[in-house]
Amino acid sequence: MKSQIKDRLALLREELRREHLSAYIFLTSDPHQSEYVANRWKGREWISGFDGSAGTAVVTLKSAALWTDSRYFIAASEQLEGTEYQLMRLKMEGTPTIPEWIGQECGAGAEVGIDGWCSSANAVKELVADLRREGGITLRTNLDPLQQIWRDRPVIPENPVEIFQMKYAGESVGSKIGRIRQALRRQHADGMLMAALDDIAWTLNLRGTDVHCNPVFVAYLLLSSKEVTLFINKVKLTAEVADYLKQEGIRVEDYAKVKDGLKDYFEYNILLDPDEVNYMLFDVVKSKGKMNSLQPTEIVEAESPVKRMKTVKNDTEIAGFRSAMLKDGIALTKFLYWLSGYIGKPEISQLTEISIDQKLTSLRAEQPLYRDISFDTIAGYGEHAAIVHYEATPETDIPLQPRGMLLLDSGAQYLDGTTDITRTIALGPLTDEEKRIYTLVLQGHIQVELCKFPSGSSGTQIDILARKYMWREGLNYLHGTGHGVGTYLNVHEGPHQFRMEWKPAPLVAGMTITDEPGIYLPGRCGARTENTLLIVPYKETEFGKFLQFESLTLCPIDTAPIIREMMLPEEIDWLNAYHKHVFEALSPYLSPEESAWLRKACEAL
């Protein structure tokens, strides 16, 4: 693989010289600004060898560097070792920005390239300004060198689309489009181009398999005040889906004709989310009418209203989440019961990180309505648990041992809901350090669960609760504490989050969000505890409406590593009540042996 990277860089540099470019920037994105992308658009991974979900590679004629965040520092270091790539650790002191580094490497007056189809309008706008400050460096957006050098590049997926039935969606397409148009009118927009794949899937009550673990399909959706047009490769539409779209009043055009659709859009204005619509399509509308007699269209630059609509779950979706979490809890409890037979015994070395992932996935697959995993399982034993987004490979896979901790972060896609859960499990004797970080993480998790807050609060205001005990010890983690979860959709859904950085998106009743603090000690161990929560009403007073969290996740939390003396009475009370609920919910679906094990696992502290 490392030798392939060297050859690919050589091919790229030949192309750069032909195009008189000094550097090229590879983002982790596709034409829809997706977090996870279809194989067609994994250009950054192809040119660098780094396969994380977040990162930017920059290649000059003589050097190469890759920027990524703390989740991937260890994994990226290992994957880039032996290549010429320099790892740039985001948010760490001394790390230059991408424009700064390009300025140092290429000098004033250079021209660099980026794929305008796979870059948002805002990303290009900010990059142009930043590069200009670095000595008048210019940015070219109309070149994709991978078209020439990636000879076996995958095609755009052609997997069939399927209907997401009303018994799971809970709201008709007509109702959703009506609400979207109302939201557009409030922003003085006559229509919009929808580019985010999960927004399109949610709006049309359709799902697909174009992106690994994410039940979405590649398409655009153009709404005007009078019609709705889906731009999609028509081979993806079965006769049933084509008829469904016709009945819903949705016109269908070829995916490649989206530019024509924008040129033919003749209403006065159109909402384009500059963080979701790519630069090339943004420019089509911006340039419209300048060179010919076409009617100019004013762009309303604003966040897509669909982003926030889909985060607030209706009653049917909430019921689906409860059902999915019950099935997931049954599978996880069966897994933990099976694993308990090995804990503390030499025979546990027969198990590896990959084999326990396979075992858990097989138990989930036995559950009704199971479709897939919701992300690649993170099964990290020992020092691998300190790698935030570790994914075992045949080269890194290690056997478990009857000591230390296993961090297991996993999830599933069921037709009625998406799950995301992390448990850290003691496999035998632990060090004092392991017990301490485990307890600090659990305290942070519980403090978030206990929180009561005014409706409309930001997740940033709540994030401190997960970290306050850690900060007293001089410990921290650099990833977010929580993210929204889709309804049989992407496991990461926003814009609301728990995060140290300011995120103003308000928290309201009906949203789902994870609670997943962690501590990672490189080369030693790591711990994380995660439940998926539902935001529900708490009380209403003269000071307004207050909200609280309800744990949807049903799975015992390992009590063996807890240092009880560190826990506050309210934290112990919460854990005991949670375990009582878990046992009552899951035990009717388990064998007598599994139920007996669960009863013991849920004993009060």
# chains A, B, ... in the order shown; residues from 1 in each chain; ligands from 1
>>> closest_atom_pairs(of="region 435-493 of chain A", to="region 498-520 of chain A", cutoff="9 Å", atoms="only C-alpha atoms", output="JSON lines")
{"residue": "A:Ile437", "atom": "CA", "partner": "A:Ile519", "partner_atom": "CA", "distance": 6.4}
{"residue": "A:Tyr438", "atom": "CA", "partner": "A:Ile519", "partner_atom": "CA", "distance": 7.9}
{"residue": "A:Leu440", "atom": "CA", "partner": "A:Ile519", "partner_atom": "CA", "distance": 8.4}
{"residue": "A:Val441", "atom": "CA", "partner": "A:Gly518", "partner_atom": "CA", "distance": 5.5}
{"residue": "A:Leu442", "atom": "CA", "partner": "A:Pro517", "partner_atom": "CA", "distance": 8.0}
{"residue": "A:Gly444", "atom": "CA", "partner": "A:Pro517", "partner_atom": "CA", "distance": 6.6}
{"residue": "A:His445", "atom": "CA", "partner": "A:Pro517", "partner_atom": "CA", "distance": 6.2}
{"residue": "A:Ile446", "atom": "CA", "partner": "A:Asp515", "partner_atom": "CA", "distance": 8.9}
{"residue": "A:Val448", "atom": "CA", "partner": "A:Asp515", "partner_atom": "CA", "distance": 7.1}
{"residue": "A:Glu449", "atom": "CA", "partner": "A:Asp515", "partner_atom": "CA", "distance": 7.7}
{"residue": "A:Pro454", "atom": "CA", "partner": "A:Leu507", "partner_atom": "CA", "distance": 8.8}
{"residue": "A:Ser455", "atom": "CA", "partner": "A:Val508", "partner_atom": "CA", "distance": 5.6}
{"residue": "A:Gly456", "atom": "CA", "partner": "A:Pro506", "partner_atom": "CA", "distance": 4.4}
{"residue": "A:Ser457", "atom": "CA", "partner": "A:Pro506", "partner_atom": "CA", "distance": 5.3}
{"residue": "A:Ser458", "atom": "CA", "partner": "A:Pro506", "partner_atom": "CA", "distance": 4.9}
{"residue": "A:Gly459", "atom": "CA", "partner": "A:Phe498", "partner_atom": "CA", "distance": 4.3}
{"residue": "A:Thr460", "atom": "CA", "partner": "A:Arg499", "partner_atom": "CA", "distance": 5.1}
{"residue": "A:Gln461", "atom": "CA", "partner": "A:Phe498", "partner_atom": "CA", "distance": 8.1}
{"residue": "A:Ile462", "atom": "CA", "partner": "A:Phe498", "partner_atom": "CA", "distance": 6.7}
{"residue": "A:Asp463", "atom": "CA", "partner": "A:Phe498", "partner_atom": "CA", "distance": 5.2}
{"residue": "A:Ile464", "atom": "CA", "partner": "A:Met500", "partner_atom": "CA", "distance": 7.3}
{"residue": "A:Ala466", "atom": "CA", "partner": "A:Pro517", "partner_atom": "CA", "distance": 6.2}
{"residue": "A:Arg467", "atom": "CA", "partner": "A:Pro517", "partner_atom": "CA", "distance": 7.6}
{"residue": "A:Met470", "atom": "CA", "partner": "A:Ile519", "partner_atom": "CA", "distance": 8.4}
{"residue": "A:Leu475", "atom": "CA", "partner": "A:Ile519", "partner_atom": "CA", "distance": 7.4}
{"residue": "A:Asn476", "atom": "CA", "partner": "A:Ile519", "partner_atom": "CA", "distance": 6.6}
{"residue": "A:Tyr477", "atom": "CA", "partner": "A:Ile519", "partner_atom": "CA", "distance": 5.9}
{"residue": "A:Leu478", "atom": "CA", "partner": "A:Met500", "partner_atom": "CA", "distance": 8.4}
{"residue": "A:His479", "atom": "CA", "partner": "A:Arg499", "partner_atom": "CA", "distance": 7.5}
{"residue": "A:Gly480", "atom": "CA", "partner": "A:Arg499", "partner_atom": "CA", "distance": 4.5}
{"residue": "A:Thr481", "atom": "CA", "partner": "A:Phe498", "partner_atom": "CA", "distance": 5.0}
{"residue": "A:Gly482", "atom": "CA", "partner": "A:Thr514", "partner_atom": "CA", "distance": 4.5}
{"residue": "A:His483", "atom": "CA", "partner": "A:Ile513", "partner_atom": "CA", "distance": 5.1}
{"residue": "A:Gly484", "atom": "CA", "partner": "A:Ile513", "partner_atom": "CA", "distance": 4.2}
{"residue": "A:Val485", "atom": "CA", "partner": "A:Thr512", "partner_atom": "CA", "distance": 5.8}
{"residue": "A:Gly486", "atom": "CA", "partner": "A:Thr512", "partner_atom": "CA", "distance": 8.0}
{"residue": "A:Glu493", "atom": "CA", "partner": "A:Ile513", "partner_atom": "CA", "distance": 8.6}
>>> write_last_selection(atoms="C-alpha atoms", output="CSV table (one decimal), in the first residue's frame")
chain,number,residue,atom,x,y,z
A,437,ILE,CA,-10.6,7.0,34.4
A,438,TYR,CA,-13.5,4.6,34.1
A,440,LEU,CA,-14.5,9.8,35.9
A,441,VAL,CA,-16.0,9.0,32.5
A,442,LEU,CA,-19.1,7.4,34.1
A,444,GLY,CA,-19.5,12.7,33.4
A,445,HIS,CA,-21.9,10.6,31.6
A,446,ILE,CA,-24.4,10.5,34.5
A,448,VAL,CA,-25.3,14.9,31.6
A,449,GLU,CA,-28.1,12.4,32.0
A,454,PRO,CA,-34.4,25.5,29.6
A,455,SER,CA,-35.8,24.6,26.2
A,456,GLY,CA,-33.6,26.2,23.5
A,457,SER,CA,-30.3,25.8,25.5
A,458,SER,CA,-27.2,25.0,23.5
A,459,GLY,CA,-25.4,21.7,23.8
A,460,THR,CA,-22.3,23.6,24.5
A,461,GLN,CA,-23.8,24.8,27.7
A,462,ILE,CA,-24.4,21.2,28.8
A,463,ASP,CA,-21.0,19.8,27.6
A,464,ILE,CA,-19.2,21.1,30.7
A,466,ALA,CA,-19.4,15.7,31.2
A,467,ARG,CA,-15.9,17.2,31.7
A,470,MET,CA,-12.0,15.3,34.5
A,475,LEU,CA,-7.7,15.3,32.0
A,476,ASN,CA,-9.8,16.0,28.9
A,477,TYR,CA,-10.9,14.6,25.6
A,478,LEU,CA,-10.9,16.5,22.3
A,479,HIS,CA,-14.0,15.0,20.5
A,480,GLY,CA,-17.6,16.1,21.0
A,481,THR,CA,-19.7,14.7,23.9
A,482,GLY,CA,-22.8,14.0,21.8
A,483,HIS,CA,-24.4,14.1,18.4
A,484,GLY,CA,-27.9,13.6,17.0
A,485,VAL,CA,-29.1,10.2,15.6
A,486,GLY,CA,-31.3,9.7,12.6
A,493,GLU,CA,-27.2,13.9,12.7
>>> select_by_dssp(residues="region 114-327 of chain A", states="strand (DSSP E or B)", output="PyMOL selection string")
chain A and resi 114-115+120+138-140+142+162-163+192-194+206-207+211+214+220-223+228-231+250-253+269-272+278+298-301+312
>>> closest_residue(among="A:Trp67, A:Asp115, A:Leu408, A:Asn39", to="Pro96 (chain A)", atoms="only C-alpha atoms")
A:Trp67
>>> closest_residue(among="A:Phe546, A:Tyr24, A:Phe164, A:Trp41", to="Ala57 (chain A)", atoms="only C-alpha atoms")
A:Tyr24
>>> closest_residue(among="A:Glu383, A:Glu105, A:Glu603, A:Glu593", to="Gly526 (chain A)", atoms="only C-alpha atoms")
A:Glu383
>>> residues_around(residues="Thr229 (chain A)", least_positions_apart="3", cutoff="7 Å", atoms="only C-alpha atoms", output="list in words")
Leu221, Leu222, Leu223, Ile250, Arg251, Val252 and Glu253 of chain A
>>> closest_residue(among="A:Gln367, A:Asp558, A:Gly523, A:Thr377", to="Leu427 (chain A)", atoms="only C-alpha atoms")
A:Asp558
>>> residues_around(residues="Ile299 (chain A)", least_positions_apart="4", cutoff="12 Å", atoms="only C-alpha atoms", output="ChimeraX atom specification")
/A:187-193,262,265,267-274,277,281-288
>>> closest_atom_pairs(of="region 253-317 of chain A", to="region 417-423 of chain A", cutoff="12 Å", atoms="only C-alpha atoms", output="tab-separated table")
residue	atom	partner	partner_atom	distance
A:Lys313	CA	A:Gly417	CA	10.9
A:Thr316	CA	A:Gly417	CA	10.4
A:Glu317	CA	A:Gly417	CA	7.4
>>> select_by_dssp(residues="region 63-178 of chain A", states="helix (DSSP H, G or I)", output="ChimeraX atom specification")
/A:70-80,98-106,116-118,121-133,146-149,166-169,173-178
>>> residues_around(residues="Leu237 (chain A)", least_positions_apart="3", cutoff="10 Å", atoms="only C-alpha atoms", output="short mmCIF file (atom, residue, chain, number, x, y, z; two decimals) with C-alpha atoms, in the first residue's frame")
data_model
loop_
_atom_site.label_atom_id
_atom_site.label_comp_id
_atom_site.auth_asym_id
_atom_site.auth_seq_id
_atom_site.Cartn_x
_atom_site.Cartn_y
_atom_site.Cartn_z
CA GLU A 158 -26.42 2.46 -8.94
CA ASN A 159 -28.04 0.59 -6.04
CA PRO A 160 -31.85 0.53 -6.01
CA VAL A 161 -33.83 2.93 -3.84
CA GLU A 162 -36.57 1.61 -1.53
CA ILE A 232 -31.12 10.76 -9.76
CA ASN A 233 -29.72 8.02 -11.93
CA LYS A 234 -32.99 6.48 -13.12
CA GLU A 240 -42.62 0.49 -7.58
CA VAL A 241 -40.50 3.49 -6.57
CA ALA A 242 -41.05 5.26 -9.90
CA ASP A 243 -44.81 4.87 -9.47
CA TYR A 244 -44.55 6.05 -5.85
CA LEU A 245 -42.72 9.22 -6.90
CA VAL A 252 -37.61 12.75 -12.03
#
>>> residues_around(residues="His20 (chain A)", least_positions_apart="6", cutoff="10 Å", atoms="only C-alpha atoms", output="PDB file with N, CA, C and O atoms, in the first residue's frame")
ATOM      1  N   GLU A  14       2.689  14.778 -11.896  1.00  0.00           N
ATOM      2  CA  GLU A  14       2.767  14.952 -13.349  1.00  0.00           C
ATOM      3  C   GLU A  14       1.569  15.767 -13.846  1.00  0.00           C
ATOM      4  O   GLU A  14       1.705  16.657 -14.692  1.00  0.00           O
ATOM      5  N   ALA A 110       1.420  31.561  -6.085  1.00  0.00           N
ATOM      6  CA  ALA A 110       1.176  30.205  -6.581  1.00  0.00           C
ATOM      7  C   ALA A 110      -0.301  30.009  -6.893  1.00  0.00           C
ATOM      8  O   ALA A 110      -1.174  30.759  -6.433  1.00  0.00           O
ATOM      9  N   GLU A 111      -0.590  28.980  -7.683  1.00  0.00           N
ATOM     10  CA  GLU A 111      -1.976  28.585  -7.946  1.00  0.00           C
ATOM     11  C   GLU A 111      -2.155  27.142  -7.475  1.00  0.00           C
ATOM     12  O   GLU A 111      -1.342  26.271  -7.799  1.00  0.00           O
ATOM     13  N   VAL A 112      -3.213  26.914  -6.702  1.00  0.00           N
ATOM     14  CA  VAL A 112      -3.483  25.572  -6.190  1.00  0.00           C
ATOM     15  C   VAL A 112      -4.876  25.156  -6.640  1.00  0.00           C
ATOM     16  O   VAL A 112      -5.718  25.994  -6.992  1.00  0.00           O
ATOM     17  N   GLY A 113      -5.137  23.856  -6.612  1.00  0.00           N
ATOM     18  CA  GLY A 113      -6.401  23.335  -7.089  1.00  0.00           C
ATOM     19  C   GLY A 113      -7.212  22.641  -6.015  1.00  0.00           C
ATOM     20  O   GLY A 113      -6.678  22.163  -5.010  1.00  0.00           O
TER      21      GLY A 113
END
>>> residues_around(residues="Gln401 (chain A)", least_positions_apart="2", cutoff="12 Å", atoms="only C-alpha atoms", output="ChimeraX atom specification")
/A:342-353,381-382,398-399,403-406,426-430
>>> write_last_selection(atoms="N, CA, C and O atoms", output="compact mmCIF listing (two decimals), in the first residue's frame")
# COMPACT_ATOMS: atom_id res chain seq x y z
N TYR A 342 -15.99 -15.88 29.38
CA TYR A 342 -14.55 -15.85 29.13
C TYR A 342 -13.80 -14.90 30.07
O TYR A 342 -12.59 -14.99 30.21
N ILE A 343 -14.53 -13.97 30.68
CA ILE A 343 -13.88 -12.92 31.46
C ILE A 343 -13.10 -13.51 32.63
O ILE A 343 -13.61 -14.35 33.38
N GLY A 344 -11.86 -13.07 32.76
CA GLY A 344 -11.00 -13.53 33.85
C GLY A 344 -10.38 -14.89 33.64
O GLY A 344 -9.66 -15.39 34.51
N LYS A 345 -10.64 -15.50 32.47
CA LYS A 345 -10.12 -16.84 32.20
C LYS A 345 -9.08 -16.82 31.09
O LYS A 345 -9.18 -16.00 30.17
N PRO A 346 -8.11 -17.72 31.13
CA PRO A 346 -7.10 -17.77 30.06
C PRO A 346 -7.72 -17.98 28.68
O PRO A 346 -7.17 -17.54 27.67
N GLU A 347 -8.87 -18.67 28.63
CA GLU A 347 -9.51 -18.97 27.35
C GLU A 347 -9.93 -17.71 26.57
O GLU A 347 -10.21 -17.77 25.37
N ILE A 348 -9.95 -16.57 27.26
CA ILE A 348 -10.37 -15.35 26.57
C ILE A 348 -9.40 -14.98 25.45
O ILE A 348 -9.77 -14.27 24.51
N SER A 349 -8.18 -15.49 25.52
CA SER A 349 -7.20 -15.20 24.47
C SER A 349 -7.58 -15.85 23.14
O SER A 349 -6.98 -15.54 22.10
N GLN A 350 -8.59 -16.73 23.16
CA GLN A 350 -9.11 -17.29 21.90
C GLN A 350 -9.92 -16.25 21.12
O GLN A 350 -10.16 -16.41 19.93
N LEU A 351 -10.33 -15.19 21.82
CA LEU A 351 -11.12 -14.13 21.20
C LEU A 351 -10.21 -12.98 20.78
O LEU A 351 -9.23 -12.68 21.45
N THR A 352 -10.57 -12.34 19.69
CA THR A 352 -9.83 -11.17 19.22
C THR A 352 -10.80 -10.02 19.02
O THR A 352 -12.03 -10.19 19.07
N GLU A 353 -10.26 -8.84 18.75
CA GLU A 353 -11.11 -7.68 18.50
C GLU A 353 -12.06 -7.92 17.33
O GLU A 353 -13.24 -7.57 17.40
N TYR A 381 -9.07 -3.22 22.50
CA TYR A 381 -8.64 -3.81 23.77
C TYR A 381 -7.34 -3.14 24.22
O TYR A 381 -6.43 -2.89 23.42
N GLY A 382 -7.24 -2.90 25.55
CA GLY A 382 -5.99 -2.38 26.11
C GLY A 382 -5.61 -1.04 25.52
O GLY A 382 -6.41 -0.09 25.51
N ILE A 398 -5.76 -8.00 17.74
CA ILE A 398 -5.02 -8.65 18.83
C ILE A 398 -5.97 -9.49 19.68
O ILE A 398 -7.17 -9.21 19.76
N PRO A 399 -5.46 -10.53 20.33
CA PRO A 399 -6.30 -11.33 21.22
C PRO A 399 -6.59 -10.59 22.51
O PRO A 399 -5.80 -9.77 22.98
N ARG A 403 -7.43 -9.49 31.64
CA ARG A 403 -7.10 -8.32 32.44
C ARG A 403 -7.37 -7.07 31.58
O ARG A 403 -7.49 -7.16 30.36
N GLY A 404 -7.43 -5.94 32.22
CA GLY A 404 -7.59 -4.71 31.46
C GLY A 404 -9.02 -4.51 30.95
O GLY A 404 -9.96 -5.22 31.35
N MET A 405 -9.18 -3.53 30.06
CA MET A 405 -10.51 -3.13 29.61
C MET A 405 -10.66 -3.21 28.10
O MET A 405 -9.71 -2.95 27.35
N LEU A 406 -11.87 -3.54 27.68
CA LEU A 406 -12.27 -3.55 26.27
C LEU A 406 -13.25 -2.41 26.04
O LEU A 406 -14.26 -2.30 26.74
N ALA A 426 -14.63 -4.53 31.80
CA ALA A 426 -13.47 -5.10 32.49
C ALA A 426 -13.36 -6.57 32.15
O ALA A 426 -14.32 -7.33 32.31
N LEU A 427 -12.19 -6.98 31.66
CA LEU A 427 -11.97 -8.38 31.28
C LEU A 427 -11.22 -9.17 32.36
O LEU A 427 -10.93 -10.34 32.17
N GLY A 428 -10.96 -8.52 33.48
CA GLY A 428 -10.22 -9.15 34.57
C GLY A 428 -9.71 -8.06 35.49
O GLY A 428 -10.28 -6.96 35.55
N PRO A 429 -8.65 -8.32 36.24
CA PRO A 429 -8.10 -7.31 37.15
C PRO A 429 -7.73 -6.02 36.42
O PRO A 429 -7.25 -6.05 35.28
N LEU A 430 -7.96 -4.88 37.10
CA LEU A 430 -7.67 -3.57 36.54
C LEU A 430 -6.66 -2.84 37.41
O LEU A 430 -6.58 -3.07 38.63
>>> decode(residues="region 15-34 of chain A", atoms="N, CA, C and O atoms", output="compact mmCIF listing (two decimals), in the first residue's frame")
# COMPACT_ATOMS: atom_id res chain seq x y z
N GLU A 15 0.39 15.44 -13.30
CA GLU A 15 -0.82 16.15 -13.70
C GLU A 15 -0.77 17.61 -13.25
O GLU A 15 -1.18 18.52 -13.99
N LEU A 16 -0.25 17.86 -12.05
CA LEU A 16 -0.15 19.23 -11.56
C LEU A 16 0.78 20.06 -12.45
O LEU A 16 0.49 21.22 -12.75
N ARG A 17 1.88 19.47 -12.86
CA ARG A 17 2.81 20.21 -13.73
C ARG A 17 2.15 20.54 -15.07
O ARG A 17 2.32 21.65 -15.59
N ARG A 18 1.39 19.58 -15.61
CA ARG A 18 0.70 19.84 -16.88
C ARG A 18 -0.31 20.98 -16.74
O ARG A 18 -0.53 21.75 -17.68
N GLU A 19 -0.91 21.07 -15.57
CA GLU A 19 -1.95 22.09 -15.35
C GLU A 19 -1.37 23.36 -14.71
O GLU A 19 -2.13 24.27 -14.36
N HIS A 20 -0.05 23.41 -14.52
CA HIS A 20 0.64 24.58 -13.95
C HIS A 20 0.12 24.92 -12.55
O HIS A 20 -0.07 26.09 -12.20
N LEU A 21 -0.11 23.88 -11.77
CA LEU A 21 -0.54 24.04 -10.39
C LEU A 21 0.61 23.71 -9.44
O LEU A 21 1.41 22.81 -9.70
N SER A 22 0.67 24.42 -8.32
CA SER A 22 1.72 24.18 -7.33
C SER A 22 1.29 23.18 -6.26
O SER A 22 2.14 22.62 -5.56
N ALA A 23 -0.01 22.99 -6.10
CA ALA A 23 -0.51 22.07 -5.06
C ALA A 23 -1.96 21.71 -5.36
O ALA A 23 -2.64 22.39 -6.14
N TYR A 24 -2.41 20.64 -4.71
CA TYR A 24 -3.82 20.24 -4.82
C TYR A 24 -4.33 19.84 -3.44
O TYR A 24 -3.61 19.21 -2.66
N ILE A 25 -5.60 20.21 -3.18
CA ILE A 25 -6.22 19.96 -1.87
C ILE A 25 -7.30 18.90 -2.03
O ILE A 25 -8.19 19.03 -2.87
N PHE A 26 -7.22 17.86 -1.20
CA PHE A 26 -8.21 16.78 -1.23
C PHE A 26 -9.00 16.81 0.08
O PHE A 26 -8.47 16.51 1.15
N LEU A 27 -10.27 17.17 -0.02
CA LEU A 27 -11.15 17.16 1.15
C LEU A 27 -11.75 15.77 1.34
O LEU A 27 -11.72 14.93 0.44
N THR A 28 -12.34 15.55 2.52
CA THR A 28 -13.09 14.32 2.76
C THR A 28 -14.55 14.62 2.48
O THR A 28 -15.31 14.98 3.36
N SER A 29 -14.93 14.53 1.23
CA SER A 29 -16.29 14.93 0.90
C SER A 29 -16.70 14.39 -0.45
O SER A 29 -15.90 13.78 -1.16
N ASP A 30 -17.96 14.62 -0.78
CA ASP A 30 -18.51 14.27 -2.08
C ASP A 30 -19.30 15.49 -2.57
O ASP A 30 -19.28 16.54 -1.91
N PRO A 31 -20.00 15.42 -3.70
CA PRO A 31 -20.75 16.59 -4.16
C PRO A 31 -21.90 17.02 -3.25
O PRO A 31 -22.53 18.04 -3.48
N HIS A 32 -22.14 16.23 -2.18
CA HIS A 32 -23.26 16.51 -1.27
C HIS A 32 -22.77 16.87 0.13
O HIS A 32 -23.57 16.97 1.05
N GLN A 33 -21.47 17.04 0.29
CA GLN A 33 -20.84 17.40 1.57
C GLN A 33 -21.17 16.37 2.66
O GLN A 33 -21.40 16.70 3.83
N SER A 34 -21.16 15.11 2.28
CA SER A 34 -21.45 14.03 3.22
C SER A 34 -20.26 13.77 4.13
O SER A 34 -19.10 13.94 3.74
